[in-house]
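Source file: structure24.txt (compact mmCIF, C-alpha atoms and all ligand atoms)
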# COMPACT_ATOMS: atom_id res chain seq x y z
CA MET A 149 183.45 86.11 185.03
CA PRO A 150 182.02 89.19 183.27
CA PHE A 151 178.79 91.00 184.23
CA LYS A 152 179.12 90.44 187.99
CA ASN A 153 176.09 92.00 189.76
CA ALA A 154 174.74 93.15 186.39
CA VAL A 155 171.13 92.81 185.30
CA VAL A 156 170.72 92.17 181.57
CA PHE A 157 167.35 92.49 179.84
CA VAL A 158 167.14 90.10 176.89
CA THR A 159 164.07 90.71 174.75
CA GLY A 160 163.00 87.80 172.54
CA GLY A 161 164.88 85.43 174.85
CA ALA A 162 162.47 82.57 174.12
CA GLY A 163 163.33 82.68 170.41
CA PHE A 164 166.11 80.94 168.51
CA ILE A 165 169.02 83.38 168.96
CA GLY A 166 167.68 85.03 172.12
CA SER A 167 167.56 81.68 173.93
CA ALA A 168 171.16 80.95 172.85
CA VAL A 169 172.15 84.35 174.31
CA VAL A 170 170.31 83.61 177.56
CA ARG A 171 171.94 80.17 177.82
CA HIS A 172 175.37 81.71 177.19
CA LEU A 173 174.87 84.53 179.72
CA LEU A 174 173.79 82.03 182.37
CA ASP A 175 176.57 79.51 181.61
CA ALA A 176 179.54 81.76 180.90
CA THR A 177 178.94 85.02 182.83
CA ASP A 178 177.69 86.17 186.23
CA ALA A 179 174.84 88.23 184.77
CA SER A 180 171.30 88.08 186.08
CA VAL A 181 168.99 87.77 183.09
CA VAL A 182 165.43 89.03 182.68
CA ASN A 183 163.97 87.43 179.56
CA ILE A 184 161.16 89.61 178.17
CA ASP A 185 159.22 87.79 175.47
CA LYS A 186 155.69 88.04 174.10
CA LEU A 187 155.66 84.28 173.38
CA THR A 188 154.60 84.38 169.74
CA TYR A 189 154.40 81.23 167.62
CA ALA A 190 158.24 81.32 167.36
CA ALA A 191 158.88 81.15 171.11
CA SER A 192 159.77 78.10 173.11
CA LEU A 193 160.50 78.30 176.83
CA GLU A 194 161.93 74.75 176.67
CA SER A 195 164.88 76.33 174.84
CA ILE A 196 166.32 77.40 178.19
CA PRO A 197 166.96 74.22 180.19
CA GLN A 198 168.86 76.34 182.79
CA ALA A 199 165.61 78.15 183.67
CA GLY A 200 164.82 76.07 186.74
CA ARG A 201 168.35 76.19 188.14
CA GLY A 202 169.79 78.98 190.31
CA ASN A 203 168.34 82.43 190.88
CA ARG A 204 169.91 84.46 188.05
CA TYR A 205 167.05 83.99 185.57
CA ARG A 206 163.58 85.53 185.40
CA PHE A 207 161.02 85.21 182.60
CA VAL A 208 158.38 87.87 181.97
CA GLN A 209 155.75 87.57 179.25
CA ALA A 210 155.46 91.05 177.76
CA ASP A 211 155.32 92.85 174.42
CA ILE A 212 158.16 95.29 173.63
CA GLY A 213 155.44 97.56 172.25
CA ASP A 214 153.80 97.81 175.69
CA ALA A 215 155.32 100.96 177.22
CA GLY A 216 153.59 100.51 180.58
CA ALA A 217 154.84 96.96 181.04
CA LEU A 218 158.37 97.98 180.03
CA ARG A 219 158.39 100.98 182.38
CA ALA A 220 157.40 98.78 185.32
CA LEU A 221 160.14 96.27 184.42
CA PHE A 222 162.81 98.98 184.15
CA GLU A 223 161.75 100.40 187.53
CA GLN A 224 161.68 96.98 189.18
CA HIS A 225 164.95 95.52 187.85
CA ARG A 226 167.06 98.61 187.00
CA PRO A 227 169.06 96.83 184.26
CA GLY A 228 172.59 97.86 183.28
CA TYR A 229 172.18 96.35 179.82
CA VAL A 230 169.41 95.78 177.27
CA MET A 231 169.82 93.31 174.38
CA ASN A 232 166.99 93.62 171.88
CA LEU A 233 166.34 90.37 170.02
CA ALA A 234 162.53 90.47 170.05
CA ALA A 235 161.34 90.49 166.46
CA GLU A 236 159.25 88.96 163.78
CA SER A 237 162.03 87.20 161.89
CA HIS A 238 160.73 85.15 158.95
CA VAL A 239 160.90 86.70 155.46
CA ASP A 240 158.17 84.46 153.98
CA ARG A 241 155.72 85.46 156.74
CA SER A 242 156.53 89.12 156.13
CA ILE A 243 155.48 88.72 152.49
CA ASP A 244 152.05 87.34 153.43
CA GLY A 245 151.45 89.58 156.46
CA PRO A 246 153.77 92.56 157.02
CA ALA A 247 151.72 94.25 159.77
CA ASP A 248 153.22 92.28 162.69
CA PHE A 249 156.69 93.15 161.38
CA ILE A 250 155.92 96.86 161.40
CA ASN A 251 154.40 96.65 164.87
CA THR A 252 157.12 94.65 166.60
CA ASN A 253 160.26 95.47 164.66
CA ILE A 254 159.63 99.18 164.24
CA VAL A 255 157.04 100.36 166.79
CA GLY A 256 158.27 97.82 169.37
CA THR A 257 161.90 98.92 168.99
CA PHE A 258 160.81 102.56 169.23
CA THR A 259 158.90 101.85 172.44
CA LEU A 260 161.82 99.95 173.95
CA LEU A 261 164.21 102.78 173.04
CA GLN A 262 161.93 105.33 174.68
CA GLU A 263 161.63 103.34 177.91
CA ALA A 264 165.37 102.58 177.94
CA LEU A 265 166.07 106.28 177.45
CA ARG A 266 163.77 107.21 180.32
CA HIS A 267 165.52 104.66 182.56
CA TRP A 268 169.03 105.69 181.44
CA SER A 269 168.29 109.40 181.96
CA GLY A 270 167.48 108.71 185.61
CA LEU A 271 170.67 106.73 186.36
CA GLY A 272 173.59 108.14 188.37
CA GLY A 273 177.00 108.96 186.81
CA ASP A 274 178.80 105.58 186.87
CA GLU A 275 175.67 103.56 186.13
CA GLN A 276 174.74 105.91 183.32
CA ALA A 277 178.22 105.64 181.78
CA ALA A 278 178.19 101.82 181.93
CA PHE A 279 174.65 101.35 180.51
CA ARG A 280 174.35 99.77 177.04
CA PHE A 281 171.42 99.29 174.64
CA HIS A 282 172.42 96.57 172.17
CA HIS A 283 170.19 96.16 169.13
CA VAL A 284 170.55 92.87 167.26
CA SER A 285 170.03 93.12 163.52
CA THR A 286 170.66 91.37 160.26
CA ASP A 287 172.68 91.51 157.05
CA GLU A 288 169.38 91.57 155.12
CA VAL A 289 169.10 95.33 155.70
CA HIS A 290 171.76 95.74 152.98
CA GLY A 291 169.79 93.94 150.27
CA SER A 292 171.42 91.70 147.71
CA LEU A 293 175.08 91.36 146.62
CA GLY A 294 176.39 90.50 143.16
CA ARG A 295 178.98 87.75 142.66
CA GLU A 296 181.78 89.67 144.42
CA GLY A 297 182.27 91.48 147.72
CA ALA A 298 180.81 91.33 151.22
CA PHE A 299 178.81 93.67 153.47
CA ASN A 300 180.87 95.59 156.01
CA GLU A 301 179.83 98.26 158.51
CA ALA A 302 179.84 100.93 155.78
CA ALA A 303 177.49 99.05 153.42
CA VAL A 304 174.44 100.96 152.23
CA TYR A 305 170.94 100.12 153.43
CA ALA A 306 168.84 98.64 150.59
CA PRO A 307 166.26 96.26 152.11
CA ASN A 308 164.08 94.21 149.75
CA SER A 309 161.55 92.33 151.91
CA PRO A 310 159.03 93.75 154.38
CA TYR A 311 161.05 91.96 157.10
CA ALA A 312 164.34 93.52 155.98
CA ALA A 313 162.73 96.96 155.63
CA SER A 314 161.34 96.74 159.17
CA LYS A 315 164.77 95.76 160.53
CA ALA A 316 166.41 98.58 158.56
CA ALA A 317 163.94 101.03 160.08
CA SER A 318 164.73 99.76 163.57
CA ASP A 319 168.48 100.18 162.94
CA HIS A 320 167.85 103.78 161.91
CA LEU A 321 165.85 104.43 165.08
CA VAL A 322 168.73 103.09 167.19
CA ARG A 323 171.18 105.33 165.34
CA ALA A 324 168.96 108.37 165.86
CA TRP A 325 168.47 107.71 169.60
CA ARG A 326 172.28 107.66 169.93
CA ALA A 327 172.86 110.81 167.88
CA THR A 328 169.97 112.83 169.28
CA TYR A 329 169.62 111.68 172.90
CA ALA A 330 173.14 110.21 173.51
CA LEU A 331 171.66 106.84 174.55
CA PRO A 332 174.67 104.44 174.66
CA THR A 333 173.68 102.11 171.85
CA ILE A 334 175.54 99.38 169.97
CA LEU A 335 174.32 97.72 166.78
CA THR A 336 175.24 94.32 165.36
CA ASN A 337 174.27 92.90 161.96
CA CYS A 338 174.67 89.18 161.52
CA SER A 339 174.34 86.67 158.70
CA ASN A 340 172.14 83.52 158.67
CA ASN A 341 172.26 81.55 161.90
CA PHE A 342 171.61 77.86 162.38
CA GLY A 343 171.79 75.39 165.25
CA PRO A 344 169.67 73.89 168.06
CA TYR A 345 166.16 75.21 168.83
CA HIS A 346 165.77 76.80 165.36
CA PHE A 347 162.07 77.13 164.53
CA PRO A 348 161.22 74.64 161.75
CA GLU A 349 160.08 77.28 159.23
CA LYS A 350 163.72 78.22 158.39
CA LEU A 351 165.68 76.44 155.64
CA ILE A 352 167.92 74.08 157.65
CA PRO A 353 165.42 72.80 160.27
CA HIS A 354 162.68 72.84 157.61
CA THR A 355 164.80 70.51 155.46
CA ILE A 356 165.68 68.21 158.38
CA ILE A 357 162.11 67.89 159.62
CA ARG A 358 160.44 67.46 156.24
CA SER A 359 163.06 64.92 155.30
CA LEU A 360 162.47 62.91 158.49
CA CYS A 361 158.71 63.08 157.78
CA GLY A 362 159.31 61.72 154.24
CA GLU A 363 158.05 64.95 152.60
CA PRO A 364 159.46 66.69 149.48
CA LEU A 365 162.26 69.20 150.19
CA PRO A 366 161.36 72.53 148.54
CA VAL A 367 164.22 74.59 147.12
CA TYR A 368 163.16 78.06 145.94
CA GLY A 369 164.01 79.13 142.37
CA ASP A 370 167.22 77.62 140.98
CA GLY A 371 168.71 76.92 144.43
CA LEU A 372 171.73 79.10 143.67
CA ASN A 373 170.93 81.93 146.11
CA VAL A 374 173.81 82.26 148.55
CA ARG A 375 173.62 82.68 152.32
CA ASP A 376 176.56 83.09 154.74
CA TRP A 377 176.03 80.70 157.65
CA LEU A 378 177.02 81.05 161.32
CA TYR A 379 176.43 78.62 164.19
CA VAL A 380 174.08 80.25 166.68
CA GLU A 381 176.36 79.64 169.68
CA ASP A 382 179.19 81.49 167.92
CA HIS A 383 176.75 84.38 167.38
CA ALA A 384 175.72 84.34 171.06
CA ARG A 385 179.41 84.56 172.10
CA ALA A 386 179.95 87.44 169.69
CA LEU A 387 176.93 89.33 171.04
CA THR A 388 178.08 88.91 174.64
CA LEU A 389 181.57 90.12 173.73
CA VAL A 390 180.13 93.17 171.95
CA LEU A 391 177.96 93.94 174.99
CA GLU A 392 180.99 93.70 177.28
CA ARG A 393 183.66 95.39 175.17
CA GLY A 394 182.08 96.99 172.12
CA ALA A 395 182.47 100.74 171.55
CA VAL A 396 179.42 102.90 172.25
CA GLY A 397 177.79 104.04 169.03
CA ALA A 398 179.61 101.39 166.99
CA THR A 399 178.26 98.83 164.55
CA TYR A 400 179.79 95.35 164.24
CA HIS A 401 179.12 92.93 161.41
CA ILE A 402 179.14 89.28 162.48
CA GLY A 403 179.59 86.30 160.17
CA GLY A 404 181.51 83.08 159.79
CA ARG A 405 182.76 83.36 156.19
CA ASN A 406 180.63 80.35 155.26
CA GLU A 407 178.97 81.18 151.95
CA ARG A 408 176.93 78.31 150.52
CA THR A 409 174.24 78.06 147.85
CA ASN A 410 170.90 76.81 149.14
CA ILE A 411 171.13 73.64 147.09
CA GLU A 412 174.54 72.90 148.64
CA VAL A 413 173.03 73.32 152.11
CA VAL A 414 170.05 71.07 151.38
CA ARG A 415 172.30 68.37 149.85
CA ALA A 416 174.65 68.56 152.85
CA VAL A 417 171.71 68.06 155.25
CA CYS A 418 170.51 65.08 153.19
CA ALA A 419 173.98 63.50 153.26
CA LEU A 420 174.29 63.91 157.04
CA LEU A 421 170.84 62.41 157.60
CA ASP A 422 171.66 59.50 155.28
CA ASP A 423 174.77 58.88 157.32
CA MET A 424 173.21 59.25 160.79
CA ARG A 425 169.82 57.68 160.05
CA PRO A 426 169.69 55.92 156.65
CA ALA A 427 166.25 56.02 155.03
CA ALA A 428 164.62 52.80 153.88
CA GLY A 429 163.97 54.25 150.41
CA GLY A 430 167.61 55.22 149.74
CA PRO A 431 169.46 58.57 149.61
CA ARG A 432 167.35 61.56 150.63
CA GLU A 433 168.45 63.73 147.70
CA ARG A 434 165.59 62.10 145.80
CA GLN A 435 163.19 64.19 147.99
CA ILE A 436 164.60 67.53 146.70
CA GLY A 437 162.34 69.52 144.36
CA PHE A 438 162.67 73.02 142.88
CA VAL A 439 159.62 75.24 143.55
CA ALA A 440 158.46 78.76 142.68
CA ASP A 441 160.89 81.45 143.80
CA ARG A 442 160.35 83.79 146.78
CA PRO A 443 159.13 87.24 145.59
CA GLY A 444 161.98 89.75 145.95
CA HIS A 445 164.42 86.92 146.75
CA ASP A 446 167.87 88.36 147.55
CA ARG A 447 170.50 86.56 145.48
CA ARG A 448 173.51 86.65 147.74
CA TYR A 449 174.51 87.72 151.26
CA ALA A 450 178.04 87.73 152.65
CA ILE A 451 179.46 89.40 155.75
CA ASP A 452 182.96 90.78 156.19
CA PRO A 453 183.59 90.23 159.94
CA SER A 454 187.09 91.81 159.94
CA LYS A 455 186.15 94.57 162.39
CA ILE A 456 184.88 92.35 165.21
CA GLU A 457 187.79 89.95 164.61
CA ARG A 458 190.35 92.76 164.72
CA GLU A 459 188.91 94.93 167.49
CA LEU A 460 187.38 92.34 169.84
CA GLY A 461 189.33 89.20 168.92
CA TRP A 462 186.16 87.20 168.12
CA ARG A 463 186.42 84.08 165.96
CA PRO A 464 183.80 81.38 165.37
CA ALA A 465 184.62 78.12 167.15
CA GLU A 466 182.78 75.97 164.59
CA THR A 467 183.22 75.41 160.88
CA PHE A 468 180.09 75.14 158.74
CA GLU A 469 180.61 71.38 158.45
CA SER A 470 181.19 70.72 162.19
CA ALA A 471 178.21 72.89 163.14
CA LEU A 472 175.87 71.36 160.55
CA ALA A 473 176.71 67.86 161.79
CA LYS A 474 176.01 68.96 165.39
CA THR A 475 172.73 70.55 164.29
CA VAL A 476 171.45 67.50 162.41
CA ARG A 477 172.44 65.30 165.38
CA TRP A 478 170.55 67.69 167.72
CA TYR A 479 167.31 67.44 165.69
CA LEU A 480 167.59 63.65 165.65
CA ASP A 481 168.12 63.61 169.43
CA HIS A 482 165.42 66.20 170.22
CA GLU A 483 162.48 64.97 168.22
CA ASP A 484 160.22 65.77 171.20
CA TRP A 485 161.13 69.49 170.88
CA TRP A 486 160.10 69.87 167.24
CA ARG A 487 157.21 67.38 167.42
CA ASN A 488 155.75 69.61 170.18
CA ILE A 489 155.85 72.54 167.75
CA LEU A 490 154.03 70.48 165.12
CA ALA A 491 151.53 69.36 167.78
CA ARG A 492 150.89 73.04 168.71
CA GLY A 493 149.67 73.55 165.12
CA TYR A 494 152.69 74.66 163.09
CA LYS A 495 152.52 73.17 159.58
CA PRO A 496 155.80 73.05 157.61
CA VAL A 497 154.16 74.10 154.34
CA ARG A 498 155.03 76.69 151.70
CA ILE A 499 154.11 80.30 152.51
CA GLY A 500 155.13 83.69 151.11
CA GLU A 501 154.41 82.84 147.48
CA LEU A 502 151.69 85.51 147.08
CA LYS A 503 150.20 83.70 144.03
CA GLY A 504 148.30 86.80 142.97
CA ARG A 505 146.90 87.45 146.47
CA SER A 506 147.33 90.76 148.30
CA PRO A 507 149.19 90.68 151.62
CA ARG A 508 147.08 90.75 154.77
P1 LIG B 601 162.82 84.15 166.40
O1 LIG B 601 161.67 84.42 165.50
O2 LIG B 601 163.31 82.75 166.57
O3 LIG B 601 162.48 84.69 167.87
C1 LIG B 601 161.92 85.94 168.11
C2 LIG B 601 161.44 85.98 169.55
O4 LIG B 601 160.90 87.29 169.77
C3 LIG B 601 160.33 84.99 169.87
O5 LIG B 601 160.60 84.32 171.09
C4 LIG B 601 159.08 85.85 169.98
O6 LIG B 601 158.11 85.36 170.89
C5 LIG B 601 159.67 87.17 170.47
N1 LIG B 601 158.84 88.33 170.10
C6 LIG B 601 158.25 88.59 168.89
N2 LIG B 601 157.53 89.71 168.98
C7 LIG B 601 157.71 90.20 170.23
C8 LIG B 601 157.24 91.36 170.91
N3 LIG B 601 156.43 92.26 170.30
N4 LIG B 601 157.60 91.55 172.20
C9 LIG B 601 158.38 90.65 172.82
N5 LIG B 601 158.83 89.53 172.24
C10 LIG B 601 158.51 89.31 170.95
O7 LIG B 601 163.99 85.10 165.91
P2 LIG B 601 165.56 84.84 165.87
O8 LIG B 601 165.90 84.10 164.65
O9 LIG B 601 165.98 84.33 167.20
O10 LIG B 601 166.08 86.34 165.67
C11 LIG B 601 166.35 87.17 166.79
C12 LIG B 601 166.86 88.51 166.30
O11 LIG B 601 168.05 88.31 165.54
C13 LIG B 601 165.87 89.22 165.36
O12 LIG B 601 165.95 90.58 165.63
C14 LIG B 601 166.43 88.93 163.97
O13 LIG B 601 166.09 89.98 163.10
C15 LIG B 601 167.91 88.88 164.25
N6 LIG B 601 168.70 88.05 163.33
C16 LIG B 601 168.33 86.78 163.05
C17 LIG B 601 169.14 85.97 162.23
C18 LIG B 601 168.78 84.54 161.91
O14 LIG B 601 169.44 83.93 161.06
N7 LIG B 601 167.81 83.93 162.56
C19 LIG B 601 170.31 86.51 161.68
C20 LIG B 601 170.64 87.85 161.98
C21 LIG B 601 169.84 88.60 162.82
O1 LIG B 602 170.51 86.79 156.72
C1 LIG B 602 169.98 86.81 158.02
C2 LIG B 602 168.55 86.38 157.97
O2 LIG B 602 168.52 84.97 157.75
C3 LIG B 602 167.76 86.74 159.23
O3 LIG B 602 167.71 88.14 159.35
C4 LIG B 602 166.35 86.17 159.17
O4 LIG B 602 165.69 86.41 160.40
C5 LIG B 602 166.44 84.67 158.95
O5 LIG B 602 165.16 84.11 158.84
C6 LIG B 602 167.26 84.38 157.69
O6 LIG B 602 166.55 84.85 156.50
P1 LIG B 602 166.55 83.99 155.14
O7 LIG B 602 165.41 84.42 154.33
O8 LIG B 602 167.91 83.99 154.53
O9 LIG B 602 166.31 82.52 155.79
P2 LIG B 602 165.36 81.30 155.37
O10 LIG B 602 165.77 80.14 156.25
O11 LIG B 602 163.94 81.67 155.34
O12 LIG B 602 165.85 80.99 153.89
C7 LIG B 602 167.22 80.72 153.60
C8 LIG B 602 167.33 80.57 152.09
O13 LIG B 602 166.70 79.34 151.71
C9 LIG B 602 166.63 81.65 151.30
O14 LIG B 602 167.39 81.93 150.13
C10 LIG B 602 165.28 81.04 150.92
C11 LIG B 602 165.62 79.56 150.79
N1 LIG B 602 164.57 78.59 151.16
C12 LIG B 602 163.95 78.72 152.35
C13 LIG B 602 163.00 77.79 152.75
C14 LIG B 602 162.28 77.93 154.08
C15 LIG B 602 164.31 77.53 150.30
O15 LIG B 602 164.91 77.40 149.22
N2 LIG B 602 163.38 76.60 150.70
C16 LIG B 602 162.71 76.69 151.89
O16 LIG B 602 161.85 75.83 152.18

Show the structure stored in the file as structure tokens.
Ligand code: NAD
Ligand code: DAU
Amino acid sequence: MPFKNAVVFVTGGAGFIGSAVVRHLLDATDASVVNIDKLTYAASLESIPQAGRGNRYRFVQADIGDAGALRALFEQHRPGYVMNLAAESHVDRSIDGPADFINTNIVGTFTLLQEALRHWSGLGGDEQAAFRFHHVSTDEVHGSLGREGAFNEAAVYAPNSPYAASKAASDHLVRAWRATYALPTILTNCSNNFGPYHFPEKLIPHTIIRSLCGEPLPVYGDGLNVRDWLYVEDHARALTLVLERGAVGATYHIGGRNERTNIEVVRAVCALLDDMRPAAGGPRERQIGFVADRPGHDRRYAIDPSKIERELGWRPAETFESALAKTVRWYLDHEDWWRNILARGYKPVRIGELKGRSPR
């Protein structure tokens, strides 16, 4: 199995995608994983059921903006790989309060790059050649598409939300640390993920949970904005493959060629719930309501994944339909997981509307 005797730092490993990466590294490779996570509202350590088994997993609560904590971790564990998934990730939150996005996504990535560079500079020849810093980013850095075309690795940067702008800035830092200091970096930009352990503020879990709670299902604007969906476990496999075999300095765009309008997604979730757990009041589509649009709402995203398919042989294992059915089933079977999040104080209500207010 790959990554024998390797130590992999995964930042943000208690989040949605980070935890899928940690689970995959523990299940399908020989890597030892150090999960470095600040444990913000979006974190959930229950997302890693493997945590108590074996001795290849360590969790450390730390902020990627804390240079001293990072330096001590690099000195203690001497990782061969860093995967940076720690981030503030929700567009609506970035509209109401961009400061955390600037601090973690930009200053945090800068701090992690600096400490990784310091560590890498002190490594010996073979270890230095094998080291990788993998920064995980998003298609949102490219802004909005018209009706035609898809983002590939040459697409321009044109971010429209504070979140997307902060991710774009972090991508540029990674590029500069490669060009200027020769740090062996790799960058990936992925489309919308969905699947188990997705925090309930995001469209698909938001719809499932509000529907199960008998609440209205808010669709922003006309519901015709398009997102390109990928099952999170397919993304985790892609990221691991890129870490193992990706070219230093390269960018890979990751997506499943699953473009859907938001209203299609919400209707598909309703239909699956009706099938798996019929509601007393009849079909759940009656809960759907159109609400005020998101400020700066990007109309369409689509990823052209030809490069990672061609060069690394990656293909998603799931279709959108098979993965959505699995996801809805998972939320029905893991009510304790999301009820815990509600019990901790998360309220699945509308945010990011501005309504004449200034951001915090
Ligand atoms: P998430 O919000 O579910 O998880 C983020 C994790 O990072 C949380 O566990 C949180 O505690 C941790 N974190 C936040 N600030 C931190 C800090 N300063 N120091 C250490 N840890 C910190 O996010 P996600 O959806 O899993 O996204 C992970 C990465 O993938 C992000 O960089 C995001 O931009 C990118 N991405 C997400 C998607 C998507 O659809 N969710 C798609 C493409 C790319
Ligand atoms: O494209 C990748 C990005 O996908 C990631 O970089 C982000 O971290 C991730 O959060 C996601 O961003 P989106 O803004 O696309 O995801 P979100 O789930 O917030 O919204 C998906 C679409 O659904 C978007 O067009 C807004 C809309 N929406 C969202 C919510 C929460 C609704 O119509 N109603 C809702 O209640």

A:Asp422: which residues within 12 Å, counting all atoms listed in the file, same-chain residues fewer than 3 positions away excluded, as a CSV table (one decimal) with C-alpha atoms, keeping the file's coordinate frame?
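Wrote it out as around-v1.csv, contents follow:
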chain,number,residue,atom,x,y,z
A,356,ILE,CA,165.7,68.2,158.4
A,359,SER,CA,163.1,64.9,155.3
A,360,LEU,CA,162.5,62.9,158.5
A,415,ARG,CA,172.3,68.4,149.8
A,416,ALA,CA,174.6,68.6,152.8
A,417,VAL,CA,171.7,68.1,155.2
A,418,CYS,CA,170.5,65.1,153.2
A,419,ALA,CA,174.0,63.5,153.3
A,425,ARG,CA,169.8,57.7,160.0
A,426,PRO,CA,169.7,55.9,156.6
A,427,ALA,CA,166.2,56.0,155.0
A,428,ALA,CA,164.6,52.8,153.9
A,429,GLY,CA,164.0,54.2,150.4
A,430,GLY,CA,167.6,55.2,149.7
A,431,PRO,CA,169.5,58.6,149.6
A,432,ARG,CA,167.4,61.6,150.6
A,433,GLU,CA,168.4,63.7,147.7
A,434,ARG,CA,165.6,62.1,145.8
A,473,ALA,CA,176.7,67.9,161.8
A,476,VAL,CA,171.4,67.5,162.4
A,477,ARG,CA,172.4,65.3,165.4
A,480,LEU,CA,167.6,63.6,165.6

Per residue of chain A within 9 Å of ligand LIG 602 (chain B), which atom pair is closest and at what distance in Å (one decimal), using only C-alpha atoms and all ligand atoms, listed by chain and increasing number, as a Markdown table?
| residue | atom | partner | partner_atom | distance |
| --- | --- | --- | --- | --- |
| A:Ala235 | CA | B:LIG602 | O4 | 8.5 |
| A:Glu236 | CA | B:LIG602 | O4 | 7.7 |
| A:Ser237 | CA | B:LIG602 | O4 | 4.0 |
| A:His238 | CA | B:LIG602 | O5 | 4.6 |
| A:Val239 | CA | B:LIG602 | O7 | 5.2 |
| A:Asp240 | CA | B:LIG602 | O11 | 6.6 |
| A:Ser285 | CA | B:LIG602 | O3 | 6.9 |
| A:Thr286 | CA | B:LIG602 | O3 | 4.5 |
| A:Asp287 | CA | B:LIG602 | O1 | 5.2 |
| A:Glu288 | CA | B:LIG602 | O1 | 5.2 |
| A:Val289 | CA | B:LIG602 | O3 | 8.2 |
| A:Tyr311 | CA | B:LIG602 | O4 | 8.0 |
| A:Ala312 | CA | B:LIG602 | O3 | 7.2 |
| A:Lys315 | CA | B:LIG602 | O3 | 8.3 |
| A:Asn337 | CA | B:LIG602 | C1 | 8.4 |
| A:Cys338 | CA | B:LIG602 | C1 | 6.3 |
| A:Ser339 | CA | B:LIG602 | O1 | 4.3 |
| A:Asn340 | CA | B:LIG602 | C1 | 4.0 |
| A:Asn341 | CA | B:LIG602 | O2 | 6.6 |
| A:Phe342 | CA | B:LIG602 | O10 | 8.8 |
| A:Pro348 | CA | B:LIG602 | C14 | 8.4 |
| A:Glu349 | CA | B:LIG602 | C14 | 5.6 |
| A:Lys350 | CA | B:LIG602 | O10 | 3.5 |
| A:Leu351 | CA | B:LIG602 | O10 | 3.8 |
| A:Ile352 | CA | B:LIG602 | O10 | 6.6 |
| A:Pro353 | CA | B:LIG602 | O10 | 8.4 |
| A:His354 | CA | B:LIG602 | C14 | 6.2 |
| A:Thr355 | CA | B:LIG602 | O16 | 6.9 |
| A:Leu365 | CA | B:LIG602 | O16 | 6.9 |
| A:Pro366 | CA | B:LIG602 | O16 | 4.9 |
| A:Val367 | CA | B:LIG602 | O15 | 3.6 |
| A:Tyr368 | CA | B:LIG602 | O15 | 3.8 |
| A:Gly369 | CA | B:LIG602 | O15 | 7.1 |
| A:Asp370 | CA | B:LIG602 | O15 | 8.6 |
| A:Gly371 | CA | B:LIG602 | O15 | 6.1 |
| A:Leu372 | CA | B:LIG602 | O14 | 8.3 |
| A:Asn373 | CA | B:LIG602 | O14 | 5.4 |
| A:Val374 | CA | B:LIG602 | O14 | 6.6 |
| A:Arg375 | CA | B:LIG602 | O8 | 6.3 |
| A:Asp376 | CA | B:LIG602 | O1 | 7.4 |
| A:Trp377 | CA | B:LIG602 | O1 | 8.3 |
| A:Thr409 | CA | B:LIG602 | O14 | 8.2 |
| A:Asn410 | CA | B:LIG602 | O13 | 5.5 |
| A:Ile411 | CA | B:LIG602 | O15 | 7.6 |
| A:Val413 | CA | B:LIG602 | O13 | 8.7 |
| A:Val414 | CA | B:LIG602 | O15 | 8.4 |
| A:Phe438 | CA | B:LIG602 | O15 | 8.0 |
| A:Val439 | CA | B:LIG602 | O15 | 8.0 |
| A:Asp441 | CA | B:LIG602 | O15 | 7.9 |
| A:Arg442 | CA | B:LIG602 | C10 | 7.0 |
| A:His445 | CA | B:LIG602 | O14 | 6.7 |
| A:Asp446 | CA | B:LIG602 | O14 | 6.9 |
| A:Arg447 | CA | B:LIG602 | O14 | 7.3 |
| A:Arg448 | CA | B:LIG602 | O14 | 8.1 |
| A:Tyr449 | CA | B:LIG602 | O1 | 6.8 |
| A:Ala450 | CA | B:LIG602 | O1 | 8.6 |
| A:Pro496 | CA | B:LIG602 | O16 | 8.6 |
| A:Val497 | CA | B:LIG602 | O16 | 8.2 |
| A:Arg498 | CA | B:LIG602 | O16 | 6.9 |
| A:Ile499 | CA | B:LIG602 | C14 | 8.7 |

Provide the atom CA of A:Tyr329 to atom CA of A:Pro227 distance in Å, to one decimal place.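 Computing it gives 18.7 Å between the two atoms.
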
> Given the choices A:Leu265, A:Leu221, A:Ala154, A:Leu335, which gets closest to A:Gln209 if the distance is worked out from only C-alpha atoms?
Replying inline: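 Using only C-alpha atoms, the shortest distance to A:Gln209 belongs to A:Leu221.
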
Exercise for review: Figure out the distance between atom O13 of ligand LIG 601 (chain B) and atom CA of A:Ala313, please, to one decimal in Å.
Suggested key: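 Answer for the atom CA of A:Ala313 to atom O13 of ligand LIG 601 (chain B) separation: 10.8 Å.
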
Separating atom CA of A:Ala306 from atom N6 of ligand LIG 601 (chain B), to the nearest tenth of an Å, is a gap of 16.6 Å

Measuring between all atoms listed in the file, which one of A:Asn253, A:Gln198, A:Thr177, A:Asn308 shows the shortest distance to A:His320?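 Closest candidate: A:Asn253.
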
Identify which of the residues A:Leu174, A:Ile489, A:Ala317, A:Val169 lies closest to A:Asn251, counting all atoms listed in the file when measuring atom-to-atom distances.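 So, comparing all the options, the nearest one is A:Ala317.
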
Smallest atom-to-atom distance to A:Glu363: which of A:Gln435, A:Gly202, A:Trp325, A:Val155, using only C-alpha atoms?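 Under the stated criterion, the closest residue is A:Gln435.
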
Which is closer to A:Arg280 than all the others in A:Leu391, A:Val208, A:Met149, A:Val380, using only C-alpha atoms?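 The answer is A:Leu391, which sits nearest to A:Arg280.
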
Can you tell me which residues surround A:Tyr205 at a distance of at most 7 Å, considering all atoms listed in the file, apart from same-chain residues fewer than 4 positions away, and format the answer as a PDB file with C-alpha atoms, in the frame of the given file?
ATOM      1  CA  SER A 180     171.300  88.080 186.080  1.00  0.00           C
ATOM      2  CA  VAL A 181     168.990  87.770 183.090  1.00  0.00           C
ATOM      3  CA  VAL A 182     165.430  89.030 182.680  1.00  0.00           C
ATOM      4  CA  ALA A 199     165.610  78.150 183.670  1.00  0.00           C
TER       5      ALA A 199
END
